$ cat my_file_26.tsv   # TSV, C-alpha atoms
chain	number	residue	atom	x	y	z
A	1	MET	CA	44.58	126.50	74.87
A	2	SER	CA	40.81	126.41	74.42
A	3	PHE	CA	39.08	129.77	74.60
A	4	ASP	CA	37.12	129.05	77.78
A	5	ASN	CA	40.22	127.81	79.63
A	6	LEU	CA	42.17	130.84	78.50
A	7	VAL	CA	39.43	133.15	79.79
A	8	LYS	CA	39.43	131.31	83.12
A	9	VAL	CA	43.20	131.51	83.65
A	10	ARG	CA	43.49	135.17	82.64
A	11	HIS	CA	43.80	137.32	85.75
A	12	SER	CA	45.00	140.85	86.32
A	13	THR	CA	48.53	140.34	87.58
A	14	VAL	CA	49.95	142.25	90.54
A	15	ASN	CA	53.40	140.62	90.85
A	16	PHE	CA	55.56	140.28	87.75
A	17	ILE	CA	58.81	138.28	87.60
A	18	GLU	CA	61.59	140.87	87.43
A	19	ASP	CA	64.06	140.83	84.52
A	20	GLU	CA	61.80	138.68	82.34
A	21	LYS	CA	62.49	140.03	78.85
A	22	MET	CA	59.97	140.34	76.02
A	23	THR	CA	61.16	140.72	72.44
A	24	GLU	CA	59.61	142.73	69.62
A	25	GLU	CA	58.74	139.34	68.09
A	26	ASP	CA	56.70	138.45	71.20
A	27	PHE	CA	54.76	141.68	70.76
A	28	LYS	CA	54.34	141.20	67.03
A	29	ASN	CA	52.72	137.78	67.62
A	30	ILE	CA	50.31	139.29	70.14
A	31	PHE	CA	49.41	142.24	67.92
A	32	GLU	CA	48.80	140.04	64.87
A	33	LEU	CA	45.85	138.52	66.77
A	34	THR	CA	44.85	141.80	68.41
A	35	LYS	CA	44.51	143.65	65.13
A	36	THR	CA	41.42	141.59	64.20
A	37	ALA	CA	39.41	143.53	66.83
A	38	PRO	CA	36.32	145.27	65.45
A	39	SER	CA	36.06	149.06	65.43
A	40	ALA	CA	33.47	151.65	64.38
A	41	PHE	CA	33.49	151.75	60.54
A	42	ASN	CA	36.68	149.63	60.79
A	43	LEU	CA	38.60	152.84	61.50
A	44	GLN	CA	41.06	151.08	63.85
A	45	PHE	CA	41.44	153.83	66.44
A	46	ALA	CA	43.81	151.99	68.79
A	47	GLU	CA	47.53	152.87	68.92
A	48	TYR	CA	50.13	151.36	71.27
A	49	LEU	CA	53.37	152.73	72.67
A	50	VAL	CA	55.26	149.76	74.11
A	51	ILE	CA	57.90	150.76	76.64
A	52	THR	CA	60.47	148.04	77.31
A	53	ASP	CA	63.45	150.32	77.93
A	54	LYS	CA	64.33	150.09	81.64
A	55	GLU	CA	65.03	153.77	82.27
A	56	LYS	CA	61.97	154.91	80.33
A	57	LYS	CA	59.84	152.38	82.19
A	58	GLU	CA	61.07	153.84	85.50
A	59	ARG	CA	60.03	157.29	84.30
A	60	VAL	CA	56.49	155.98	83.61
A	61	LYS	CA	56.52	154.46	87.11
A	62	GLU	CA	57.42	157.84	88.65
A	63	LEU	CA	54.54	159.46	86.74
A	64	SER	CA	52.13	156.69	87.83
A	65	HIS	CA	52.17	157.04	91.64
A	66	ASN	CA	55.28	154.83	91.70
A	67	GLN	CA	53.28	151.64	91.21
A	68	TYR	CA	55.81	148.85	91.78
A	69	LYS	CA	54.40	146.51	89.12
A	70	ILE	CA	55.64	148.89	86.42
A	71	HIS	CA	59.19	148.27	87.75
A	72	THR	CA	58.94	144.46	87.61
A	73	ALA	CA	56.82	144.16	84.44
A	74	SER	CA	58.62	143.37	81.17
A	75	ALA	CA	56.93	146.37	79.59
A	76	VAL	CA	54.39	149.08	80.28
A	77	ILE	CA	52.16	149.94	77.35
A	78	LEU	CA	50.30	153.16	76.69
A	79	VAL	CA	47.07	152.37	74.86
A	80	MET	CA	45.82	155.39	72.99
A	81	GLY	CA	43.02	156.49	70.70
A	82	ASN	CA	43.96	158.13	67.39
A	83	LYS	CA	41.86	161.26	66.80
A	84	ASN	CA	43.04	161.35	63.18
A	85	SER	CA	41.21	158.07	62.53
A	86	ILE	CA	38.14	160.11	61.55
A	87	GLU	CA	40.12	162.29	59.11
A	88	LEU	CA	40.11	161.56	55.36
A	89	PRO	CA	43.79	160.50	54.99
A	90	GLU	CA	43.35	157.80	57.68
A	91	ILE	CA	39.96	156.74	56.30
A	92	GLU	CA	41.54	156.31	52.86
A	93	LYS	CA	44.36	154.22	54.39
A	94	ILE	CA	41.71	151.63	55.28
A	95	TYR	CA	39.27	151.87	52.39
A	96	GLY	CA	41.83	152.52	49.64
A	97	PRO	CA	43.40	149.05	50.01
A	98	MET	CA	39.90	147.48	50.24
A	99	LYS	CA	38.99	149.03	46.87
A	100	LEU	CA	42.34	148.00	45.38
A	101	LEU	CA	41.92	144.43	46.63
A	102	LYS	CA	38.39	144.49	45.16
A	103	MET	CA	36.87	143.75	48.59
A	104	ILE	CA	34.51	146.65	47.75
A	105	ASP	CA	33.64	148.22	44.39
A	106	GLU	CA	33.84	151.89	43.40
A	107	LEU	CA	30.22	152.65	44.33
A	108	GLU	CA	30.48	150.96	47.72
A	109	TYR	CA	33.71	152.88	48.29
A	110	GLU	CA	32.09	156.25	47.56
A	111	MET	CA	29.03	155.51	49.68
A	112	THR	CA	31.14	154.33	52.62
A	113	ILE	CA	33.42	157.38	52.50
A	114	GLU	CA	30.34	159.63	52.41
A	115	THR	CA	28.73	157.88	55.41
A	116	ILE	CA	31.96	158.08	57.40
A	117	LYS	CA	32.36	161.78	56.54
A	118	GLN	CA	28.93	162.51	58.03
A	119	TYR	CA	29.75	160.49	61.15
A	120	SER	CA	33.10	162.27	61.38
A	121	GLU	CA	31.45	165.72	61.17
A	122	ARG	CA	29.10	164.82	64.03
A	123	LEU	CA	32.03	163.75	66.22
A	124	LYS	CA	34.03	166.88	65.43
A	125	GLU	CA	31.10	169.05	66.53
A	126	ASN	CA	31.13	167.26	69.88
A	127	PRO	CA	34.62	166.54	71.27
A	128	ASN	CA	33.18	164.53	74.21
A	129	GLU	CA	31.57	162.14	71.74
A	130	LEU	CA	34.92	161.68	69.99
A	131	ASP	CA	36.59	160.94	73.35
A	132	MET	CA	33.85	158.38	74.10
A	133	GLU	CA	34.38	156.79	70.69
A	134	LEU	CA	38.10	156.48	71.38
A	135	ALA	CA	37.57	155.02	74.89
A	136	ARG	CA	34.99	152.48	73.69
A	137	ASN	CA	37.06	151.32	70.71
A	138	VAL	CA	40.31	151.21	72.70
A	139	GLY	CA	38.50	149.16	75.35
A	140	LEU	CA	37.42	146.56	72.77
A	141	HIS	CA	40.95	146.41	71.34
A	142	ALA	CA	42.71	146.25	74.70
A	143	MET	CA	40.65	143.29	75.92
A	144	LEU	CA	41.66	141.32	72.84
A	145	PHE	CA	45.27	142.39	73.46
A	146	MET	CA	45.19	141.03	77.03
A	147	LEU	CA	43.66	137.72	75.97
A	148	SER	CA	46.14	137.41	73.07
A	149	ALA	CA	49.01	138.10	75.48
A	150	LYS	CA	47.80	135.27	77.72
A	151	HIS	CA	47.59	132.99	74.66
A	152	PHE	CA	51.33	133.56	74.14
A	153	GLY	CA	52.08	133.01	77.85
A	154	PHE	CA	52.16	136.60	79.10
A	155	ASP	CA	50.19	138.12	81.97
A	156	THR	CA	48.79	141.62	82.01
A	157	CYS	CA	47.23	144.24	84.23
A	158	PRO	CA	45.06	147.09	82.90
A	159	MET	CA	45.74	150.42	84.64
A	160	HIS	CA	44.64	154.04	84.67
A	161	VAL	CA	46.85	156.65	83.02
A	162	HIS	CA	48.03	159.46	85.30
A	163	ASN	CA	49.89	162.69	84.47
A	164	VAL	CA	48.99	162.56	80.82
A	165	GLU	CA	50.70	165.85	79.87
A	166	GLU	CA	54.00	164.83	81.50
A	167	LEU	CA	53.88	161.47	79.67
A	168	ARG	CA	53.13	163.32	76.45
A	169	ASN	CA	56.24	165.48	76.86
A	170	GLU	CA	58.46	162.63	78.03
A	171	PHE	CA	57.66	160.41	75.04
A	172	SER	CA	56.88	163.09	72.42
A	173	ILE	CA	53.38	161.66	72.02
A	174	PRO	CA	51.70	163.50	69.13
A	175	ALA	CA	48.65	165.63	69.98
A	176	HIS	CA	46.29	163.44	67.92
A	177	LEU	CA	46.94	160.42	70.16
A	178	GLU	CA	44.84	160.40	73.33
A	179	PRO	CA	46.10	158.11	76.13
A	180	ILE	CA	43.13	156.01	77.31
A	181	MET	CA	44.70	153.35	79.52
A	182	MET	CA	47.95	151.56	80.36
A	183	ILE	CA	48.73	147.86	80.47
A	184	THR	CA	51.64	146.25	82.30
A	185	ILE	CA	52.77	142.96	80.79
A	186	GLY	CA	55.21	140.19	81.72
A	187	LYS	CA	55.14	136.87	83.55
A	188	SER	CA	53.27	136.52	86.81
A	189	VAL	CA	55.06	135.38	89.99
A	190	ASP	CA	51.83	133.79	91.26
A	191	LYS	CA	50.87	130.70	89.30
A	192	VAL	CA	47.49	130.32	90.96
A	193	ARG	CA	45.50	133.25	92.27
A	194	SER	CA	41.85	133.53	93.19
A	195	ARG	CA	39.88	135.96	91.07
A	196	GLY	CA	38.23	139.02	92.61
A	197	TYR	CA	34.55	138.49	93.43
A	198	ARG	CA	32.22	138.79	90.46
A	199	LYS	CA	28.53	139.72	90.68
A	200	PRO	CA	26.19	136.91	89.58
A	201	VAL	CA	24.95	137.23	85.99
A	202	GLY	CA	21.42	138.06	87.18
A	203	GLU	CA	22.73	141.26	88.76
A	204	PHE	CA	24.02	142.82	85.54
A	205	VAL	CA	21.83	141.25	82.85
A	206	ASN	CA	18.15	141.95	82.22
A	207	PHE	CA	15.86	140.56	79.55
A	208	ASN	CA	13.44	142.75	77.56
A	209	ARG	CA	12.62	145.20	80.38
A	210	TYR	CA	13.58	146.93	83.65
B	211	MET	CA	38.06	125.83	69.78
B	212	SER	CA	41.56	127.14	70.43
B	213	PHE	CA	41.78	130.82	71.27
B	214	ASP	CA	43.68	131.83	68.14
B	215	ASN	CA	41.25	130.01	65.84
B	216	LEU	CA	38.29	131.58	67.63
B	217	VAL	CA	39.81	135.03	67.16
B	218	LYS	CA	40.37	134.32	63.46
B	219	VAL	CA	36.80	133.13	62.80
B	220	ARG	CA	35.14	135.96	64.72
B	221	HIS	CA	33.80	138.55	62.29
B	222	SER	CA	31.27	141.32	62.62
B	223	THR	CA	28.16	139.82	61.07
B	224	VAL	CA	25.93	141.71	58.67
B	225	ASN	CA	23.43	138.98	57.72
B	226	PHE	CA	21.75	136.99	60.49
B	227	ILE	CA	19.58	133.91	59.92
B	228	GLU	CA	16.02	135.01	60.63
B	229	ASP	CA	13.93	133.21	63.26
B	230	GLU	CA	17.00	131.64	64.91
B	231	LYS	CA	16.03	131.63	68.59
B	232	MET	CA	18.36	132.11	71.54
B	233	THR	CA	17.33	131.01	75.02
B	234	GLU	CA	18.11	132.65	78.37
B	235	GLU	CA	20.35	129.60	78.97
B	236	ASP	CA	22.39	130.49	75.86
B	237	PHE	CA	22.89	133.97	77.25
B	238	LYS	CA	23.70	132.71	80.74
B	239	ASN	CA	26.51	130.53	79.34
B	240	ILE	CA	27.96	133.48	77.46
B	241	PHE	CA	27.72	135.84	80.44
B	242	GLU	CA	29.35	133.34	82.83
B	243	LEU	CA	32.53	133.69	80.75
B	244	THR	CA	32.06	137.40	80.10
B	245	LYS	CA	31.82	138.28	83.79
B	246	THR	CA	35.51	137.46	84.30
B	247	ALA	CA	36.43	140.66	82.40
B	248	PRO	CA	38.64	143.05	84.36
B	249	SER	CA	37.38	146.48	85.43
B	250	ALA	CA	38.77	149.49	87.28
B	251	PHE	CA	38.94	148.54	90.98
B	252	ASN	CA	36.86	145.49	90.00
B	253	LEU	CA	33.77	147.71	90.07
B	254	GLN	CA	32.10	145.83	87.20
B	255	PHE	CA	30.49	148.79	85.42
B	256	ALA	CA	28.92	146.86	82.53
B	257	GLU	CA	25.16	146.18	82.43
B	258	TYR	CA	23.26	144.46	79.63
B	259	LEU	CA	19.67	144.74	78.45
B	260	VAL	CA	19.03	141.76	76.17
B	261	ILE	CA	16.07	142.28	73.86
B	262	THR	CA	14.78	139.03	72.35
B	263	ASP	CA	11.10	140.00	72.19
B	264	LYS	CA	10.17	140.45	68.51
B	265	GLU	CA	8.05	143.57	68.86
B	266	LYS	CA	10.48	145.26	71.19
B	267	LYS	CA	13.33	144.40	68.85
B	268	GLU	CA	11.42	146.08	65.99
B	269	ARG	CA	11.09	149.19	68.14
B	270	VAL	CA	14.88	149.27	68.63
B	271	LYS	CA	15.27	148.86	64.88
B	272	GLU	CA	13.01	151.87	64.25
B	273	LEU	CA	15.09	153.93	66.68
B	274	SER	CA	18.33	152.77	65.01
B	275	HIS	CA	17.95	154.09	61.44
B	276	ASN	CA	15.99	150.92	60.60
B	277	GLN	CA	19.12	148.78	60.34
B	278	TYR	CA	17.89	145.49	58.92
B	279	LYS	CA	20.26	143.28	60.91
B	280	ILE	CA	18.33	144.14	64.08
B	281	HIS	CA	15.27	142.55	62.43
B	282	THR	CA	17.00	139.27	61.57
B	283	ALA	CA	19.25	139.00	64.65
B	284	SER	CA	18.09	136.70	67.48
B	285	ALA	CA	18.54	139.60	69.89
B	286	VAL	CA	19.75	143.16	70.11
B	287	ILE	CA	21.61	144.03	73.27
B	288	LEU	CA	22.08	147.41	74.88
B	289	VAL	CA	25.44	147.52	76.62
B	290	MET	CA	25.47	150.18	79.31
B	291	GLY	CA	27.75	151.62	81.96
B	292	ASN	CA	26.42	151.81	85.52
B	293	LYS	CA	27.14	155.22	87.06
B	294	ASN	CA	26.22	153.86	90.49
B	295	SER	CA	29.24	151.53	90.34
B	296	ILE	CA	31.30	154.26	92.00
B	297	GLU	CA	28.75	154.75	94.84
B	298	LEU	CA	29.26	153.11	98.24
B	299	PRO	CA	26.34	150.62	98.10
B	300	GLU	CA	27.66	149.15	94.81
B	301	ILE	CA	31.28	149.19	96.04
B	302	GLU	CA	30.19	147.26	99.15
B	303	LYS	CA	28.35	144.72	96.96
B	304	ILE	CA	31.77	143.74	95.55
B	305	TYR	CA	34.07	144.15	98.53
B	306	GLY	CA	31.61	142.96	101.22
B	307	PRO	CA	31.54	139.37	99.83
B	308	MET	CA	35.35	139.46	99.37
B	309	LYS	CA	35.77	140.30	103.09
B	310	LEU	CA	33.19	137.65	104.07
B	311	LEU	CA	34.92	135.00	101.94
B	312	LYS	CA	38.22	136.07	103.57
B	313	MET	CA	39.69	136.96	100.15
B	314	ILE	CA	40.75	140.21	101.86
B	315	ASP	CA	41.14	141.04	105.57
B	316	GLU	CA	39.52	143.91	107.51
B	317	LEU	CA	42.49	146.26	107.04
B	318	GLU	CA	42.74	145.60	103.30
B	319	TYR	CA	38.98	146.14	103.06
B	320	GLU	CA	39.14	149.54	104.80
B	321	MET	CA	42.13	150.69	102.72
B	322	THR	CA	40.51	149.61	99.46
B	323	ILE	CA	37.21	151.35	100.25
B	324	GLU	CA	39.13	154.53	101.12
B	325	THR	CA	41.14	154.43	97.87
B	326	ILE	CA	38.00	153.86	95.82
B	327	LYS	CA	36.21	156.71	97.62
B	328	GLN	CA	38.96	159.12	96.58
B	329	TYR	CA	38.83	157.86	92.99
B	330	SER	CA	35.05	158.15	93.03
B	331	GLU	CA	35.19	161.77	94.27
B	332	ARG	CA	37.55	162.69	91.42
B	333	LEU	CA	35.18	161.18	88.85
B	334	LYS	CA	32.14	162.92	90.35
B	335	GLU	CA	33.88	166.29	90.01
B	336	ASN	CA	34.38	165.58	86.32
B	337	PRO	CA	31.39	163.93	84.58
B	338	ASN	CA	33.35	163.55	81.32
B	339	GLU	CA	35.91	161.43	83.14
B	340	LEU	CA	33.13	159.24	84.50
B	341	ASP	CA	31.71	158.81	80.97
B	342	MET	CA	35.18	157.86	79.73
B	343	GLU	CA	35.55	155.35	82.55
B	344	LEU	CA	32.22	153.77	81.57
B	345	ALA	CA	33.08	153.65	77.85
B	346	ARG	CA	36.53	152.12	78.46
B	347	ASN	CA	35.24	149.49	80.89
B	348	VAL	CA	32.21	148.62	78.77
B	349	GLY	CA	34.55	148.25	75.77
B	350	LEU	CA	36.71	145.71	77.62
B	351	HIS	CA	33.62	143.79	78.75
B	352	ALA	CA	31.87	143.85	75.37
B	353	MET	CA	34.88	142.40	73.52
B	354	LEU	CA	34.90	139.45	75.91
B	355	PHE	CA	31.14	139.12	75.37
B	356	MET	CA	31.55	138.90	71.58
B	357	LEU	CA	34.34	136.32	71.80
B	358	SER	CA	32.36	134.28	74.36
B	359	ALA	CA	29.33	134.41	72.08
B	360	LYS	CA	31.43	132.99	69.23
B	361	HIS	CA	32.71	130.26	71.58
B	362	PHE	CA	29.09	129.14	72.00
B	363	GLY	CA	28.41	129.36	68.26
B	364	PHE	CA	26.84	132.80	68.01
B	365	ASP	CA	27.86	135.68	65.78
B	366	THR	CA	27.74	139.33	66.75
B	367	CYS	CA	27.99	142.85	65.40
B	368	PRO	CA	28.93	145.86	67.56
B	369	MET	CA	26.86	148.96	66.77
B	370	HIS	CA	26.44	152.59	67.77
B	371	VAL	CA	23.47	153.57	69.93
B	372	HIS	CA	21.14	156.16	68.42
B	373	ASN	CA	18.19	158.02	69.97
B	374	VAL	CA	19.28	157.30	73.52
B	375	GLU	CA	16.46	159.23	75.22
B	376	GLU	CA	13.75	157.45	73.19
B	377	LEU	CA	15.31	154.08	74.04
B	378	ARG	CA	15.45	155.14	77.68
B	379	ASN	CA	11.72	155.90	77.68
B	380	GLU	CA	10.76	152.83	75.67
B	381	PHE	CA	12.54	150.39	77.99
B	382	SER	CA	12.35	152.36	81.27
B	383	ILE	CA	16.14	152.38	81.47
B	384	PRO	CA	17.10	153.89	84.85
B	385	ALA	CA	19.00	157.20	84.78
B	386	HIS	CA	22.13	155.68	86.32
B	387	LEU	CA	22.61	153.38	83.32
B	388	GLU	CA	24.37	155.03	80.37
B	389	PRO	CA	23.98	153.28	76.98
B	390	ILE	CA	27.47	152.94	75.46
B	391	MET	CA	26.96	150.58	72.52
B	392	MET	CA	24.65	147.93	71.06
B	393	ILE	CA	25.40	144.41	69.93
B	394	THR	CA	23.29	142.33	67.57
B	395	ILE	CA	23.64	138.58	68.06
B	396	GLY	CA	22.45	135.44	66.28
B	397	LYS	CA	23.74	133.04	63.64
B	398	SER	CA	25.42	134.35	60.53
B	399	VAL	CA	24.05	133.48	57.06
B	400	ASP	CA	27.55	133.73	55.61
B	401	LYS	CA	29.77	130.89	56.74
B	402	VAL	CA	32.94	132.34	55.22
B	403	ARG	CA	33.53	136.05	54.82
B	404	SER	CA	36.71	138.01	54.22
B	405	ARG	CA	37.65	140.35	57.02
B	406	GLY	CA	37.85	144.10	56.49
B	407	TYR	CA	41.37	145.33	55.75
B	408	ARG	CA	43.56	145.72	58.83
B	409	LYS	CA	46.56	148.07	59.07
B	410	PRO	CA	49.89	146.26	59.49
B	411	VAL	CA	51.10	146.06	63.12
B	412	GLY	CA	53.93	148.52	62.41
B	413	GLU	CA	51.35	151.23	61.66
B	414	PHE	CA	49.73	151.22	65.10
B	415	VAL	CA	52.52	149.99	67.40
B	416	ASN	CA	55.65	151.91	68.39
B	417	PHE	CA	58.46	150.87	70.71
B	418	ASN	CA	59.89	153.23	73.35
B	419	ARG	CA	59.53	156.48	71.37
B	420	TYR	CA	57.78	158.45	68.64
$ encode --input "my_file_26.tsv" --output "structure tokens"
Amino acid sequence: MSFDNLVKVRHSTVNFIEDEKMTEEDFKNIFELTKTAPSAFNLQFAEYLVITDKEKKERVKELSHNQYKIHTASAVILVMGNKNSIELPEIEKIYGPMKLLKMIDELEYEMTIETIKQYSERLKENPNELDMELARNVGLHAMLFMLSAKHFGFDTCPMHVHNVEELRNEFSIPAHLEPIMMITIGKSVDKVRSRGYRKPVGEFVNFNRY
Amino acid sequence: MSFDNLVKVRHSTVNFIEDEKMTEEDFKNIFELTKTAPSAFNLQFAEYLVITDKEKKERVKELSHNQYKIHTASAVILVMGNKNSIELPEIEKIYGPMKLLKMIDELEYEMTIETIKQYSERLKENPNELDMELARNVGLHAMLFMLSAKHFGFDTCPMHVHNVEELRNEFSIPAHLEPIMMITIGKSVDKVRSRGYRKPVGEFVNFNRY
């Protein structure tokens, strides 16, 4: 489908068709497109925990004010930010292969690592700034995920995360992963649905001044 | 262009063609697609200040470690989160028209306003949570902006914001708007460019457990 049509038919879905199964292959196709999303210094902060297991999905529902769409969705996905992305081992996971593949030379490699180290130190001194970095980068990534899902015929709904600590215990989520949002995914019952009202462009865009 | 091709050709651009002009019409086309982005309770937090004016753009460059791409880009855009989005007048700007257009009835209207008020109170008690909400929602919006830009033939590069208070003074940015990121936009010099290395899907996606 053309990009503009895809954007127009993407809606946040409230009613999912129950018992519609999604395979790991379905998810792999979606993530292969999603992974092209940009991120600060290409550090690729976004991590996904995809919950397709029925009983586990019900547990997420219980911890999310019992929102019914989690019951009918094919999966509920925790979208998280990886705090280790600014640590040297993760940085080297990205820039090591780039040096090996000769996408950058030795000097560029050293300079980039040094720049990222300085950026990383600034974030570590200010945990709120690190949280903001995770939220911003996860937001970019998650939008591409939702559009990619629609491209492969799946509908989505972005949601808030509730009861983070209980979810962490339930799914043994490591401390370095910070849940930022959830996404329910599946096939929508409603084929046509009017979009929520959007402000006109002139209300959220200004040129050159306020 | 098909969605998957558009995603594949979108790259963060480092070299923009100098003196390539963009009109307000160009931006309007891009924003008409961008405004369909989802947001928490449809509160549409994202606000854009588009700086096309040459002198003003140079001033942003000075305040952004003199990054050369701001000089050659057709515009630099401040992408901000609107803290007033969780205040009643802004909430009514969205849900008032929806009631008028009979997209929701009186009862649904009252229940939605009440739910949003409770959510809003929680965020006001915790300013970090409000900042996170802005960053997450701006991230979603900005990704759709960059893809929409590419759809209309324009390349982009997401950037960090530096010297926020100086930018605030320079452009009289109201206190309720929080700069979250910047985007440079224009036409890329490089027609083909290899993408930065991306981690394989298996490294950032898990199913059902850790």
$ interface_residues --input "my_file_26.tsv" --of "chain B" --to "chain A" --cutoff "6 Å" --atoms "all atoms listed in the file" --output "ChimeraX atom specification"
/B:211-213,257-261,342,345-346,349-350,353,381,414-419
$ atom_distance --input "my_file_26.tsv" --atom1 "atom CA of B:Asp229" --atom2 "atom CA of B:Gly396"
9.3 Å
$ atom_distance --input "my_file_26.tsv" --atom1 "atom CA of A:Asn15" --atom2 "atom CA of B:Ile326"
20.9 Å
$ axis_aligned_box --input "my_file_26.tsv" --around "stretch 299-304 of chain B" --padding-each-side "4 Å" --output "JSON"
{"center_x": 29.1, "center_y": 147.2, "center_z": 97.0, "size_x": 13.4, "size_y": 14.9, "size_z": 12.3}
$ atom_distance --input "my_file_26.tsv" --atom1 "atom CA of A:Lys124" --atom2 "atom CA of B:Val270"
26.2 Å
$ residues_around --input "my_file_26.tsv" --residues "B:Glu297" --least-positions-apart "4" --cutoff "9 Å" --atoms "only C-alpha atoms" --output "list of chain:residue names"
B:Lys293, B:Ile301, B:Glu302, B:Lys327, B:Ser330
$ residues_near_point --input "my_file_26.tsv" --point "(21.7, 141.0, 64.4)" --cutoff "6 Å" --atoms "all atoms listed in the file" --output "JSON, numbers by chain"
{"B": [226, 279, 280, 282, 283, 394, 395, 396]}
$ closest_residue --input "my_file_26.tsv" --among "A:Ser74, A:Ile17, A:Ile113, A:Pro179" --to "A:Asn163" --atoms "all atoms listed in the file"
A:Pro179
$ closest_residue --input "my_file_26.tsv" --among "B:Ile393, B:Glu268, B:Thr322, B:Ala359" --to "B:Asp236" --atoms "all atoms listed in the file"
B:Ala359
$ build_atoms --input "my_file_26.tsv" --residues "stretch 10-24 of chain A" --atoms "N, CA, C and O atoms" --output "PDB file, keeping the file's coordinate frame"
ATOM      1  N   ARG A  10      43.041 133.772  82.727  1.00  0.00           N
ATOM      2  CA  ARG A  10      43.490 135.170  82.640  1.00  0.00           C
ATOM      3  C   ARG A  10      43.084 135.925  83.908  1.00  0.00           C
ATOM      4  O   ARG A  10      41.927 135.918  84.291  1.00  0.00           O
ATOM      5  N   HIS A  11      44.051 136.501  84.563  1.00  0.00           N
ATOM      6  CA  HIS A  11      43.800 137.320  85.750  1.00  0.00           C
ATOM      7  C   HIS A  11      44.595 138.603  85.602  1.00  0.00           C
ATOM      8  O   HIS A  11      45.655 138.595  84.987  1.00  0.00           O
ATOM      9  N   SER A  12      44.142 139.668  86.240  1.00  0.00           N
ATOM     10  CA  SER A  12      45.000 140.850  86.320  1.00  0.00           C
ATOM     11  C   SER A  12      46.129 140.517  87.283  1.00  0.00           C
ATOM     12  O   SER A  12      45.897 140.013  88.382  1.00  0.00           O
ATOM     13  N   THR A  13      47.351 140.754  86.829  1.00  0.00           N
ATOM     14  CA  THR A  13      48.530 140.340  87.580  1.00  0.00           C
ATOM     15  C   THR A  13      49.045 141.492  88.438  1.00  0.00           C
ATOM     16  O   THR A  13      49.141 142.619  87.968  1.00  0.00           O
ATOM     17  N   VAL A  14      49.376 141.195  89.691  1.00  0.00           N
ATOM     18  CA  VAL A  14      49.950 142.250  90.540  1.00  0.00           C
ATOM     19  C   VAL A  14      51.459 142.104  90.715  1.00  0.00           C
ATOM     20  O   VAL A  14      52.168 143.088  90.861  1.00  0.00           O
ATOM     21  N   ASN A  15      51.958 140.857  90.678  1.00  0.00           N
ATOM     22  CA  ASN A  15      53.400 140.620  90.850  1.00  0.00           C
ATOM     23  C   ASN A  15      54.004 140.026  89.576  1.00  0.00           C
ATOM     24  O   ASN A  15      53.694 138.894  89.222  1.00  0.00           O
ATOM     25  N   PHE A  16      54.869 140.791  88.938  1.00  0.00           N
ATOM     26  CA  PHE A  16      55.560 140.280  87.750  1.00  0.00           C
ATOM     27  C   PHE A  16      56.948 139.780  88.133  1.00  0.00           C
ATOM     28  O   PHE A  16      57.571 140.313  89.055  1.00  0.00           O
ATOM     29  N   ILE A  17      57.440 138.766  87.409  1.00  0.00           N
ATOM     30  CA  ILE A  17      58.810 138.280  87.600  1.00  0.00           C
ATOM     31  C   ILE A  17      59.766 139.318  87.018  1.00  0.00           C
ATOM     32  O   ILE A  17      59.667 139.669  85.834  1.00  0.00           O
ATOM     33  N   GLU A  18      60.668 139.816  87.872  1.00  0.00           N
ATOM     34  CA  GLU A  18      61.590 140.870  87.430  1.00  0.00           C
ATOM     35  C   GLU A  18      62.592 140.311  86.407  1.00  0.00           C
ATOM     36  O   GLU A  18      62.936 139.133  86.449  1.00  0.00           O
ATOM     37  N   ASP A  19      63.031 141.161  85.528  1.00  0.00           N
ATOM     38  CA  ASP A  19      64.060 140.830  84.520  1.00  0.00           C
ATOM     39  C   ASP A  19      63.622 139.785  83.502  1.00  0.00           C
ATOM     40  O   ASP A  19      64.467 139.186  82.827  1.00  0.00           O
ATOM     41  N   GLU A  20      62.328 139.542  83.389  1.00  0.00           N
ATOM     42  CA  GLU A  20      61.800 138.680  82.340  1.00  0.00           C
ATOM     43  C   GLU A  20      61.694 139.537  81.079  1.00  0.00           C
ATOM     44  O   GLU A  20      60.948 140.512  81.049  1.00  0.00           O
ATOM     45  N   LYS A  21      62.443 139.187  80.059  1.00  0.00           N
ATOM     46  CA  LYS A  21      62.490 140.030  78.850  1.00  0.00           C
ATOM     47  C   LYS A  21      61.413 139.617  77.842  1.00  0.00           C
ATOM     48  O   LYS A  21      61.141 138.439  77.651  1.00  0.00           O
ATOM     49  N   MET A  22      60.862 140.613  77.161  1.00  0.00           N
ATOM     50  CA  MET A  22      59.970 140.340  76.020  1.00  0.00           C
ATOM     51  C   MET A  22      60.600 140.961  74.782  1.00  0.00           C
ATOM     52  O   MET A  22      61.083 142.093  74.822  1.00  0.00           O
ATOM     53  N   THR A  23      60.559 140.213  73.682  1.00  0.00           N
ATOM     54  CA  THR A  23      61.160 140.720  72.440  1.00  0.00           C
ATOM     55  C   THR A  23      60.102 141.398  71.567  1.00  0.00           C
ATOM     56  O   THR A  23      58.894 141.239  71.796  1.00  0.00           O
ATOM     57  N   GLU A  24      60.560 142.116  70.557  1.00  0.00           N
ATOM     58  CA  GLU A  24      59.610 142.730  69.620  1.00  0.00           C
ATOM     59  C   GLU A  24      58.806 141.643  68.897  1.00  0.00           C
ATOM     60  O   GLU A  24      57.645 141.840  68.545  1.00  0.00           O
TER      61      GLU A  24
END
